[in-house]
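Trainee: Contents of coords-v7.csv (CSV, C-alpha atoms and all ligand atoms):
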chain,number,residue,atom,x,y,z
A,923,MET,CA,70.6,181.1,97.2
A,924,LYS,CA,70.0,178.0,99.3
A,925,GLU,CA,73.1,175.8,99.6
A,926,LEU,CA,74.0,172.3,100.9
A,927,SER,CA,75.3,171.9,104.4
A,928,VAL,CA,78.3,169.9,103.1
A,929,ASN,CA,81.2,170.4,100.7
A,930,HIS,CA,81.3,166.7,99.7
A,931,LEU,CA,78.7,164.0,99.1
A,932,LEU,CA,80.2,161.1,101.0
A,933,GLY,CA,77.1,159.4,102.3
A,934,ILE,CA,73.4,160.1,103.1
A,935,LYS,CA,74.4,159.7,106.7
A,936,TYR,CA,76.3,163.1,106.5
A,937,ILE,CA,73.5,165.2,104.9
A,938,THR,CA,70.3,166.7,106.3
A,939,GLU,CA,66.7,166.3,105.2
A,940,ASP,CA,66.9,169.9,104.0
A,941,ASP,CA,69.9,169.0,101.8
A,942,ILE,CA,67.8,166.2,100.2
A,943,HIS,CA,64.9,168.5,99.5
A,944,LEU,CA,67.2,171.0,98.0
A,945,ILE,CA,68.7,168.3,95.7
A,946,PHE,CA,65.2,167.2,94.7
A,947,GLU,CA,64.1,170.8,93.9
A,948,THR,CA,67.2,171.3,91.9
A,949,ALA,CA,66.8,168.0,90.1
A,950,ASP,CA,63.2,169.0,89.2
A,951,HIS,CA,64.7,171.9,87.3
A,952,PHE,CA,67.3,169.8,85.6
A,953,LYS,CA,64.8,167.2,84.6
A,954,GLU,CA,62.9,169.9,82.8
A,955,VAL,CA,66.1,171.0,81.1
A,956,ILE,CA,67.1,167.6,79.9
A,957,ASN,CA,63.7,167.1,78.3
A,958,ARG,CA,64.2,170.2,76.1
A,959,SER,CA,65.5,170.0,72.6
A,960,ILE,CA,68.7,171.8,73.7
A,961,LYS,CA,69.7,169.7,76.7
A,962,LYS,CA,72.9,171.4,77.7
A,963,VAL,CA,73.3,174.3,80.2
A,964,PRO,CA,76.6,176.3,80.8
A,965,SER,CA,76.3,176.0,84.7
A,966,LEU,CA,79.7,174.2,85.2
A,967,ARG,CA,81.6,175.7,82.2
A,968,ASP,CA,84.8,176.4,84.2
A,969,ILE,CA,84.7,173.3,86.4
A,970,THR,CA,86.8,170.1,85.7
A,971,ILE,CA,85.6,166.8,87.1
A,972,ALA,CA,87.5,163.5,87.3
A,973,ASN,CA,85.5,160.3,87.3
A,974,LEU,CA,87.6,157.7,89.1
A,975,PHE,CA,86.3,154.2,88.9
A,976,PHE,CA,88.2,151.5,90.8
A,977,GLU,CA,85.3,149.1,90.5
A,978,ASN,CA,83.0,148.2,87.6
A,979,SER,CA,80.0,150.3,86.8
A,980,THR,CA,77.6,150.9,83.9
A,981,ARG,CA,74.7,153.1,85.2
A,982,THR,CA,76.6,155.2,87.7
A,983,ARG,CA,79.6,156.0,85.5
A,984,LEU,CA,77.6,156.8,82.4
A,985,SER,CA,75.0,158.8,84.4
A,986,PHE,CA,77.7,161.0,86.1
A,987,GLU,CA,79.5,161.5,82.8
A,988,LEU,CA,76.2,162.5,81.0
A,989,ALA,CA,75.2,164.8,84.0
A,990,GLU,CA,78.7,166.5,83.8
A,991,LYS,CA,78.5,167.0,80.0
A,992,ARG,CA,74.9,168.3,80.2
A,993,LEU,CA,76.3,170.9,82.7
A,994,SER,CA,79.2,171.8,80.3
A,995,ALA,CA,81.9,170.6,82.8
A,996,ASP,CA,85.3,169.4,81.4
A,997,VAL,CA,85.4,165.7,82.1
A,998,ILE,CA,88.3,163.2,82.5
A,999,ASN,CA,87.7,159.5,83.1
A,1000,PHE,CA,89.9,157.1,84.9
A,1001,SER,CA,89.5,153.4,85.1
A,1002,ALA,CA,91.7,151.5,87.6
A,1003,ALA,CA,91.9,148.5,85.4
A,1004,SER,CA,93.9,150.4,82.7
A,1005,SER,CA,95.9,152.7,85.0
A,1006,SER,CA,99.2,152.8,86.9
A,1007,VAL,CA,97.3,151.5,90.0
A,1008,LYS,CA,98.2,148.2,88.4
A,1009,LYS,CA,101.9,149.2,88.8
A,1010,GLY,CA,101.3,149.7,92.6
A,1011,GLU,CA,100.5,153.5,92.7
A,1012,THR,CA,98.6,154.4,95.9
A,1013,LEU,CA,95.1,156.1,96.0
A,1014,ILE,CA,96.5,159.3,97.3
A,1015,ASP,CA,99.3,159.5,94.8
A,1016,THR,CA,96.9,158.7,92.0
A,1017,VAL,CA,94.4,161.4,93.0
A,1018,ASN,CA,97.1,164.0,93.8
A,1019,ASN,CA,98.5,163.5,90.3
A,1020,ILE,CA,95.1,164.0,88.8
A,1021,LEU,CA,94.4,167.0,90.9
A,1022,SER,CA,97.7,168.7,89.9
A,1023,MET,CA,96.0,169.1,86.5
A,1024,LYS,CA,93.6,171.6,88.2
A,1025,VAL,CA,90.7,169.2,88.8
A,1026,ASP,CA,87.9,170.7,90.9
A,1027,MET,CA,85.7,167.7,91.7
A,1028,VAL,CA,86.3,163.9,92.0
A,1029,VAL,CA,83.5,161.3,91.5
A,1030,MET,CA,84.9,158.1,92.9
A,1031,ARG,CA,83.7,154.5,93.1
A,1032,HIS,CA,86.0,152.3,95.2
A,1033,PRO,CA,85.8,148.8,96.7
A,1034,ASN,CA,86.9,149.9,100.2
A,1035,PRO,CA,84.2,151.3,102.6
A,1036,GLY,CA,85.2,154.8,103.7
A,1037,ALA,CA,87.5,155.5,100.7
A,1038,GLY,CA,85.7,158.7,99.9
A,1039,VAL,CA,85.8,159.9,103.5
A,1040,PHE,CA,89.6,159.2,103.5
A,1041,LEU,CA,90.1,161.1,100.3
A,1042,ALA,CA,88.1,164.1,101.4
A,1043,LYS,CA,90.5,164.5,104.4
A,1044,HIS,CA,93.7,164.3,102.3
A,1045,VAL,CA,93.0,166.1,99.0
A,1046,ASN,CA,91.8,169.6,98.0
A,1047,ALA,CA,88.8,168.8,95.9
A,1048,SER,CA,85.0,168.2,96.3
A,1049,ILE,CA,84.5,164.4,96.6
A,1050,VAL,CA,81.3,162.6,95.4
A,1051,ASN,CA,81.0,159.0,96.6
A,1052,ALA,CA,79.8,156.9,93.7
A,1053,GLY,CA,79.8,153.7,95.8
A,1054,ASP,CA,82.3,152.6,98.4
A,1055,GLY,CA,82.3,148.9,99.1
A,1056,ALA,CA,79.3,147.8,101.2
A,1057,HIS,CA,79.1,151.2,102.9
A,1058,GLU,CA,77.2,153.9,100.9
A,1059,HIS,CA,75.9,154.8,97.4
A,1060,PRO,CA,74.4,158.2,98.1
A,1061,THR,CA,73.4,159.2,94.6
A,1062,GLN,CA,71.6,155.9,94.1
A,1063,ALA,CA,69.6,156.5,97.3
A,1064,LEU,CA,68.8,160.0,96.2
A,1065,LEU,CA,67.6,158.9,92.7
A,1066,ASP,CA,65.6,156.1,94.4
A,1067,SER,CA,63.8,158.4,96.8
A,1068,TYR,CA,63.3,161.0,94.0
A,1069,SER,CA,61.7,158.2,91.9
A,1070,ILE,CA,59.3,157.3,94.7
A,1071,ARG,CA,58.4,161.0,95.2
A,1072,GLU,CA,57.7,161.2,91.4
A,1073,LYS,CA,55.6,158.0,91.3
A,1074,LEU,CA,53.7,158.4,94.6
A,1075,GLY,CA,53.8,162.2,95.2
A,1076,ASP,CA,55.8,162.1,98.4
A,1077,VAL,CA,58.2,159.8,100.3
A,1078,ALA,CA,56.9,160.8,103.8
A,1079,GLY,CA,54.5,158.3,105.2
A,1080,LYS,CA,55.2,155.6,102.6
A,1081,LYS,CA,56.1,152.0,103.5
A,1082,VAL,CA,59.2,150.7,101.7
A,1083,VAL,CA,60.6,147.2,102.0
A,1084,ILE,CA,64.2,146.5,100.8
A,1085,VAL,CA,64.5,142.9,99.8
A,1086,GLY,CA,67.5,140.5,99.5
A,1087,ASP,CA,71.2,140.9,100.1
A,1088,ILE,CA,71.2,143.7,102.6
A,1089,LEU,CA,74.6,142.6,104.1
A,1090,HIS,CA,76.7,143.4,101.0
A,1091,SER,CA,74.6,146.4,99.8
A,1092,ARG,CA,75.7,150.0,99.9
A,1093,VAL,CA,72.3,150.7,98.1
A,1094,ALA,CA,70.4,149.3,101.1
A,1095,LEU,CA,72.2,151.4,103.8
A,1096,SER,CA,72.0,154.7,101.8
A,1097,ASN,CA,68.3,154.0,101.0
A,1098,ILE,CA,67.6,153.4,104.7
A,1099,PHE,CA,69.2,156.7,105.7
A,1100,ALA,CA,67.5,158.6,102.9
A,1101,LEU,CA,64.0,157.1,103.4
A,1102,GLN,CA,64.2,157.7,107.2
A,1103,LYS,CA,65.3,161.3,106.8
A,1104,LEU,CA,62.3,161.8,104.4
A,1105,GLY,CA,59.8,160.3,106.8
A,1106,ALA,CA,59.2,156.9,105.2
A,1107,GLU,CA,58.8,153.6,107.2
A,1108,VAL,CA,61.4,151.0,106.2
A,1109,LYS,CA,61.6,147.3,106.6
A,1110,VAL,CA,64.1,144.8,105.3
A,1111,CYS,CA,63.4,141.3,104.1
A,1112,GLY,CA,65.9,138.6,103.3
A,1113,PRO,CA,67.7,135.5,104.6
A,1114,LYS,CA,69.0,136.0,108.2
A,1115,THR,CA,72.5,135.3,106.8
A,1116,LEU,CA,72.2,138.3,104.5
A,1117,LEU,CA,71.1,140.8,107.2
A,1118,PRO,CA,73.9,142.8,108.9
A,1119,LYS,CA,74.2,142.4,112.7
A,1120,TYR,CA,73.5,146.1,113.3
A,1121,ILE,CA,70.1,146.0,111.4
A,1122,ASP,CA,67.8,146.2,114.4
A,1123,LYS,CA,69.8,149.1,115.9
A,1124,ILE,CA,69.1,151.5,113.0
A,1125,GLY,CA,65.3,151.8,113.3
A,1126,VAL,CA,64.2,149.5,110.5
A,1127,GLY,CA,61.8,146.6,110.8
A,1128,VAL,CA,62.8,143.0,109.8
A,1129,GLU,CA,60.3,140.7,108.1
A,1130,GLY,CA,61.5,137.2,107.1
A,1131,ASN,CA,58.4,136.4,105.0
A,1132,LEU,CA,58.4,138.0,101.5
A,1133,ARG,CA,54.6,137.8,101.0
A,1134,LYS,CA,54.0,139.5,104.4
A,1135,ALA,CA,56.5,142.2,103.5
A,1136,LEU,CA,54.9,142.8,100.1
A,1137,GLU,CA,51.4,142.9,101.7
A,1138,TRP,CA,52.7,145.6,104.1
A,1139,CYS,CA,54.6,147.9,101.7
A,1140,ASP,CA,53.8,150.5,99.1
A,1141,VAL,CA,57.2,150.0,97.4
A,1142,ALA,CA,59.5,147.0,97.2
A,1143,ASN,CA,63.2,147.7,96.3
A,1144,MET,CA,64.6,144.4,95.1
A,1145,LEU,CA,68.4,144.1,95.6
A,1146,ARG,CA,70.9,142.2,93.5
A,1147,VAL,CA,72.4,139.1,95.1
A,1148,GLN,CA,76.1,140.2,95.1
A,1149,ASN,CA,77.8,136.9,94.4
A,1150,GLU,CA,81.1,138.7,93.8
A,1151,ARG,CA,81.3,139.9,97.4
A,1152,MET,CA,80.5,136.4,98.9
A,1153,ASP,CA,83.4,134.4,100.0
A,1154,ILE,CA,81.2,131.7,101.6
A,1155,SER,CA,77.7,130.3,100.9
A,1156,TYR,CA,75.0,132.5,102.5
A,1157,PHE,CA,72.0,130.4,101.3
A,1158,PRO,CA,71.7,126.7,100.2
A,1159,THR,CA,71.0,127.2,96.5
A,1160,THR,CA,70.0,130.0,94.1
A,1161,ARG,CA,66.8,128.1,93.4
A,1162,GLU,CA,65.8,128.1,97.1
A,1163,TYR,CA,66.8,131.8,97.4
A,1164,THR,CA,64.5,132.6,94.4
A,1165,GLN,CA,61.6,130.5,95.9
A,1166,GLN,CA,61.7,132.4,99.2
A,1167,TYR,CA,62.9,135.9,98.2
A,1168,GLY,CA,62.4,136.3,94.5
A,1169,VAL,CA,59.5,138.4,93.2
A,1170,ASN,CA,57.4,137.1,90.3
A,1171,LYS,CA,54.2,138.2,88.5
A,1172,ALA,CA,52.0,135.5,90.1
A,1173,LEU,CA,53.1,136.7,93.6
A,1174,LEU,CA,52.4,140.4,92.8
A,1175,ASP,CA,49.1,139.6,91.2
A,1176,SER,CA,48.0,137.6,94.3
A,1177,LEU,CA,48.4,140.7,96.5
A,1178,ASN,CA,45.3,142.8,97.3
A,1179,LYS,CA,46.9,146.0,96.0
A,1180,GLU,CA,49.4,147.2,93.3
A,1181,ILE,CA,52.8,148.0,94.7
A,1182,VAL,CA,55.7,149.8,93.0
A,1183,VAL,CA,58.7,147.6,92.2
A,1184,MET,CA,62.3,149.0,92.1
A,1185,HIS,CA,65.7,147.6,91.4
A,1186,PRO,CA,69.0,149.5,91.4
A,1187,GLY,CA,70.5,147.3,88.7
A,1188,PRO,CA,72.3,145.3,87.4
A,1189,ILE,CA,69.5,142.7,87.6
A,1190,ASN,CA,70.0,139.0,88.0
A,1191,ARG,CA,66.9,138.2,85.9
A,1192,GLY,CA,65.1,135.1,87.3
A,1193,VAL,CA,66.9,135.3,90.7
A,1194,GLU,CA,65.7,138.3,92.7
A,1195,ILE,CA,63.1,139.4,90.1
A,1196,THR,CA,61.6,137.7,87.1
A,1197,SER,CA,61.6,139.3,83.6
A,1198,ASP,CA,57.8,139.6,83.6
A,1199,VAL,CA,58.0,141.8,86.7
A,1200,ALA,CA,61.2,143.7,85.7
A,1201,ASP,CA,59.6,144.7,82.3
A,1202,SER,CA,56.1,145.4,83.7
A,1203,LYS,CA,54.4,148.7,84.3
A,1204,GLN,CA,54.7,148.1,88.1
A,1205,ALA,CA,58.5,148.3,87.8
A,1206,ILE,CA,60.1,151.8,87.6
A,1207,ILE,CA,63.6,150.5,87.0
A,1208,LEU,CA,64.3,152.6,83.9
A,1209,ASP,CA,62.6,155.7,85.4
A,1210,GLN,CA,65.2,155.3,88.3
A,1211,VAL,CA,68.0,155.3,85.7
A,1212,GLN,CA,66.5,158.3,83.8
A,1213,ASN,CA,66.1,160.3,87.1
A,1214,GLY,CA,69.7,159.5,88.0
A,1215,VAL,CA,71.0,162.0,85.4
A,1216,ALA,CA,68.9,164.9,86.8
A,1217,VAL,CA,69.7,164.0,90.4
A,1218,ARG,CA,73.4,163.8,89.7
A,1219,MET,CA,73.3,167.1,87.8
A,1220,ALA,CA,71.7,168.6,90.9
A,1221,VAL,CA,74.4,167.2,93.2
A,1222,LEU,CA,77.2,168.3,91.0
A,1223,TYR,CA,75.7,171.8,90.5
A,1224,LEU,CA,75.1,172.4,94.2
A,1225,LEU,CA,78.6,171.1,95.3
A,1226,ALA,CA,80.3,173.1,92.5
A,1227,SER,CA,78.6,176.3,93.8
A,1228,LYS,CA,80.6,175.8,97.1
A,1229,ILE,CA,84.1,175.5,95.4
A,1230,LYS,CA,86.6,178.2,95.9
A,1231,PRO,CA,88.6,179.2,92.8
A,1232,HIS,CA,92.1,177.7,92.3
A,1233,GLU,CA,95.1,179.8,93.5
A,1234,ASP,CA,97.7,180.2,90.6
B,1,LIG,N1,73.1,150.9,90.4
B,1,LIG,C1,74.4,150.9,90.1
B,1,LIG,O1,75.2,151.4,91.0
B,1,LIG,O2,74.8,150.3,88.9
B,1,LIG,P1,76.2,150.2,88.3
B,1,LIG,O3,77.1,149.3,89.2
B,1,LIG,O4,76.1,149.7,87.0
B,1,LIG,O5,76.8,151.6,88.4
Please, can you express the file's structure as structure tokens?
Mentor:
Amino acid sequence: MKELSVNHLLGIKYITEDDIHLIFETADHFKEVINRSIKKVPSLRDITIANLFFENSTRTRLSFELAEKRLSADVINFSAASSSVKKGETLIDTVNNILSMKVDMVVMRHPNPGAGVFLAKHVNASIVNAGDGAHEHPTQALLDSYSIREKLGDVAGKKVVIVGDILHSRVALSNIFALQKLGAEVKVCGPKTLLPKYIDKIGVGVEGNLRKALEWCDVANMLRVQNERMDISYFPTTREYTQQYGVNKALLDSLNKEIVVMHPGPINRGVEITSDVADSKQAIILDQVQNGVAVRMAVLYLLASKIKPHED
């Protein structure tokens, strides 16, 4: 049986192109399974998974929980807001207490970049990064590339532009790594203030003009403006941001081709994308969410196959 080159999924940076193809092939199988009338398989029957969310989430948390349940894993959920973290308990103490209950895998979202890498060094469980600050969101990038593959047949050779708040986006960085490993060409487009300093050192093109970026690309991935991570003003007004970097139906219709529009959610409707685009046939936003369950099933299944049994 083919296996992943890693014991944890901490970021796309740490996995290979072969790993991504293996995850996609496994996700193809699980996508077929979850479209059956009996959607559950016993693959992870003796595995216990803790979902630790130190930051808010709708899609990722529910998608992991559903993926785990479809695989028949035992699942426990932890939300920092209602936990003893509020009494000052550290991350390591929190996780070690949870692991003492014989937990095999931890899915964690955390506001600090590198929190998953830190945890993997200090605890004895397989760690899946469900988003760590502005660093990486590997399963989002996997489901995004999987959705491009589903829609356009392949990722290799495709032109993808990632638009908007690149600076604060873990989705952007993980997507860039995944798309490059799979052979796509990547550009970013956004206000200079929302582009990280390292952007021209990681092999992506930069296009300041949204129309030119859309004319160039096959796929536009529109990112949310992450107001909650902004301690200063990065652009004059939301109205000006939308005029320069927001995508609307009139703009898409004026291009000489039909492009695929993506968004990781949650959407600021009317800011980075108008409702008539978000709800149009060109947008594959809900396909991305649907594919997230199969892709996360694949990641959990492949990582679980590498777990050694607990010693009693
Ligand atoms: N795309 C994404 O990570 O959404 P949530 O924050 O709702 O999980």
Trainee: Find the nearest atom pair between each residue of range 1013-1121 of chain A and range 950-955 of chain A for residues within 12 Å, count only C-alpha atoms, give distances in Å to one decimal, sort rows by chain and ascending number, and present the table as a Markdown table.
Mentor:
| residue | atom | partner | partner_atom | distance |
| --- | --- | --- | --- | --- |
| A:Leu1065 | CA | A:Asp950 | CA | 11.6 |
| A:Tyr1068 | CA | A:Asp950 | CA | 9.3 |
| A:Ser1069 | CA | A:Asp950 | CA | 11.2 |
| A:Arg1071 | CA | A:Asp950 | CA | 11.1 |
| A:Glu1072 | CA | A:Asp950 | CA | 9.8 |
Trainee: Using all atoms listed in the file, pick whichever of A:Ser979, A:Ser965, A:Thr1012, A:Ser1176 has the shortest atom-to-atom distance to ligand LIG 1 (chain B).
Mentor: A:Ser979
Trainee: Would you name the residues within 10 Å of ligand LIG 1 (chain B), counting only C-alpha atoms and all ligand atoms, and put them as a short mmCIF file (atom, residue, chain, number, x, y, z; two decimals) with C-alpha atoms, keeping the file's coordinate frame?
Mentor:
data_model
loop_
_atom_site.label_atom_id
_atom_site.label_comp_id
_atom_site.auth_asym_id
_atom_site.auth_seq_id
_atom_site.Cartn_x
_atom_site.Cartn_y
_atom_site.Cartn_z
CA PHE A 975 86.30 154.20 88.90
CA GLU A 977 85.30 149.10 90.50
CA ASN A 978 83.00 148.20 87.60
CA SER A 979 80.00 150.30 86.80
CA THR A 980 77.60 150.90 83.90
CA ARG A 981 74.70 153.10 85.20
CA THR A 982 76.60 155.20 87.70
CA ARG A 983 79.60 156.00 85.50
CA LEU A 984 77.60 156.80 82.40
CA SER A 985 75.00 158.80 84.40
CA PHE A 986 77.70 161.00 86.10
CA ARG A 1031 83.70 154.50 93.10
CA ALA A 1052 79.80 156.90 93.70
CA GLY A 1053 79.80 153.70 95.80
CA HIS A 1059 75.90 154.80 97.40
CA PRO A 1060 74.40 158.20 98.10
CA THR A 1061 73.40 159.20 94.60
CA GLN A 1062 71.60 155.90 94.10
CA ALA A 1063 69.60 156.50 97.30
CA LEU A 1065 67.60 158.90 92.70
CA ASP A 1066 65.60 156.10 94.40
CA ARG A 1092 75.70 150.00 99.90
CA VAL A 1093 72.30 150.70 98.10
CA LEU A 1145 68.40 144.10 95.60
CA ARG A 1146 70.90 142.20 93.50
CA HIS A 1185 65.70 147.60 91.40
CA PRO A 1186 69.00 149.50 91.40
CA GLY A 1187 70.50 147.30 88.70
CA PRO A 1188 72.30 145.30 87.40
CA ILE A 1189 69.50 142.70 87.60
CA GLN A 1210 65.20 155.30 88.30
CA VAL A 1211 68.00 155.30 85.70
CA GLY A 1214 69.70 159.50 88.00
#
Trainee: Taking 5 positions as the minimum chain separation for residues in the same chain, which residues sit within 10 Å of range 989-997 of chain A when counting all atoms listed in the file? Answer as a PDB file with C-alpha atoms, keeping the file's coordinate frame.
Mentor:
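The resulting part_9.pdb:
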ATOM      1  CA  PHE A 952      67.300 169.800  85.600  1.00  0.00           C
ATOM      2  CA  VAL A 955      66.100 171.000  81.100  1.00  0.00           C
ATOM      3  CA  ILE A 956      67.100 167.600  79.900  1.00  0.00           C
ATOM      4  CA  ILE A 960      68.700 171.800  73.700  1.00  0.00           C
ATOM      5  CA  LYS A 961      69.700 169.700  76.700  1.00  0.00           C
ATOM      6  CA  LYS A 962      72.900 171.400  77.700  1.00  0.00           C
ATOM      7  CA  VAL A 963      73.300 174.300  80.200  1.00  0.00           C
ATOM      8  CA  PRO A 964      76.600 176.300  80.800  1.00  0.00           C
ATOM      9  CA  SER A 965      76.300 176.000  84.700  1.00  0.00           C
ATOM     10  CA  LEU A 966      79.700 174.200  85.200  1.00  0.00           C
ATOM     11  CA  ARG A 967      81.600 175.700  82.200  1.00  0.00           C
ATOM     12  CA  ASP A 968      84.800 176.400  84.200  1.00  0.00           C
ATOM     13  CA  ILE A 969      84.700 173.300  86.400  1.00  0.00           C
ATOM     14  CA  THR A 970      86.800 170.100  85.700  1.00  0.00           C
ATOM     15  CA  ILE A 971      85.600 166.800  87.100  1.00  0.00           C
ATOM     16  CA  ALA A 972      87.500 163.500  87.300  1.00  0.00           C
ATOM     17  CA  ASN A 973      85.500 160.300  87.300  1.00  0.00           C
ATOM     18  CA  ARG A 983      79.600 156.000  85.500  1.00  0.00           C
ATOM     19  CA  LEU A 984      77.600 156.800  82.400  1.00  0.00           C
ATOM     20  CA  VAL A1025      90.700 169.200  88.800  1.00  0.00           C
ATOM     21  CA  ASP A1026      87.900 170.700  90.900  1.00  0.00           C
ATOM     22  CA  MET A1027      85.700 167.700  91.700  1.00  0.00           C
ATOM     23  CA  GLY A1214      69.700 159.500  88.000  1.00  0.00           C
ATOM     24  CA  VAL A1215      71.000 162.000  85.400  1.00  0.00           C
ATOM     25  CA  ALA A1216      68.900 164.900  86.800  1.00  0.00           C
ATOM     26  CA  VAL A1217      69.700 164.000  90.400  1.00  0.00           C
ATOM     27  CA  ARG A1218      73.400 163.800  89.700  1.00  0.00           C
ATOM     28  CA  MET A1219      73.300 167.100  87.800  1.00  0.00           C
ATOM     29  CA  ALA A1220      71.700 168.600  90.900  1.00  0.00           C
ATOM     30  CA  VAL A1221      74.400 167.200  93.200  1.00  0.00           C
ATOM     31  CA  LEU A1222      77.200 168.300  91.000  1.00  0.00           C
ATOM     32  CA  TYR A1223      75.700 171.800  90.500  1.00  0.00           C
TER      33      TYR A1223
END
Trainee: Mind checking which residues fall within 12 Å of Asn1190 in chain A, counting all atoms listed in the file, ignoring those fewer than 5 positions away in the same chain, and posting them as a PDB file with C-alpha atoms, in the frame of the given file?
Mentor:
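As written to disk, out31.pdb reads:
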ATOM      1  CA  GLY A1086      67.500 140.500  99.500  1.00  0.00           C
ATOM      2  CA  MET A1144      64.600 144.400  95.100  1.00  0.00           C
ATOM      3  CA  LEU A1145      68.400 144.100  95.600  1.00  0.00           C
ATOM      4  CA  ARG A1146      70.900 142.200  93.500  1.00  0.00           C
ATOM      5  CA  VAL A1147      72.400 139.100  95.100  1.00  0.00           C
ATOM      6  CA  GLN A1148      76.100 140.200  95.100  1.00  0.00           C
ATOM      7  CA  ASN A1149      77.800 136.900  94.400  1.00  0.00           C
ATOM      8  CA  THR A1160      70.000 130.000  94.100  1.00  0.00           C
ATOM      9  CA  THR A1164      64.500 132.600  94.400  1.00  0.00           C
ATOM     10  CA  GLY A1168      62.400 136.300  94.500  1.00  0.00           C
ATOM     11  CA  VAL A1169      59.500 138.400  93.200  1.00  0.00           C
ATOM     12  CA  HIS A1185      65.700 147.600  91.400  1.00  0.00           C
ATOM     13  CA  ILE A1195      63.100 139.400  90.100  1.00  0.00           C
ATOM     14  CA  THR A1196      61.600 137.700  87.100  1.00  0.00           C
ATOM     15  CA  SER A1197      61.600 139.300  83.600  1.00  0.00           C
ATOM     16  CA  ALA A1200      61.200 143.700  85.700  1.00  0.00           C
TER      17      ALA A1200
END
Trainee: Quote the spacing between CA of Leu1136 in chain A and CA of Asp1201 in chain A in Å to one decimal place.
Mentor: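 CA of Asp1201 in chain A lies 18.5 Å from CA of Leu1136 in chain A.
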Trainee: Grab the CA of Glu1107 in chain A to CA of Val1128 in chain A distance for me, in Å with one decimal place.
Mentor: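 CA of Val1128 in chain A lies at a distance of 11.6 Å from CA of Glu1107 in chain A.
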Trainee: Which distance in Å separates CA of Leu1208 in chain A and CA of Ile1070 in chain A, to one decimal?
Mentor: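 Answer for the CA of Leu1208 in chain A to CA of Ile1070 in chain A separation: 12.8 Å.
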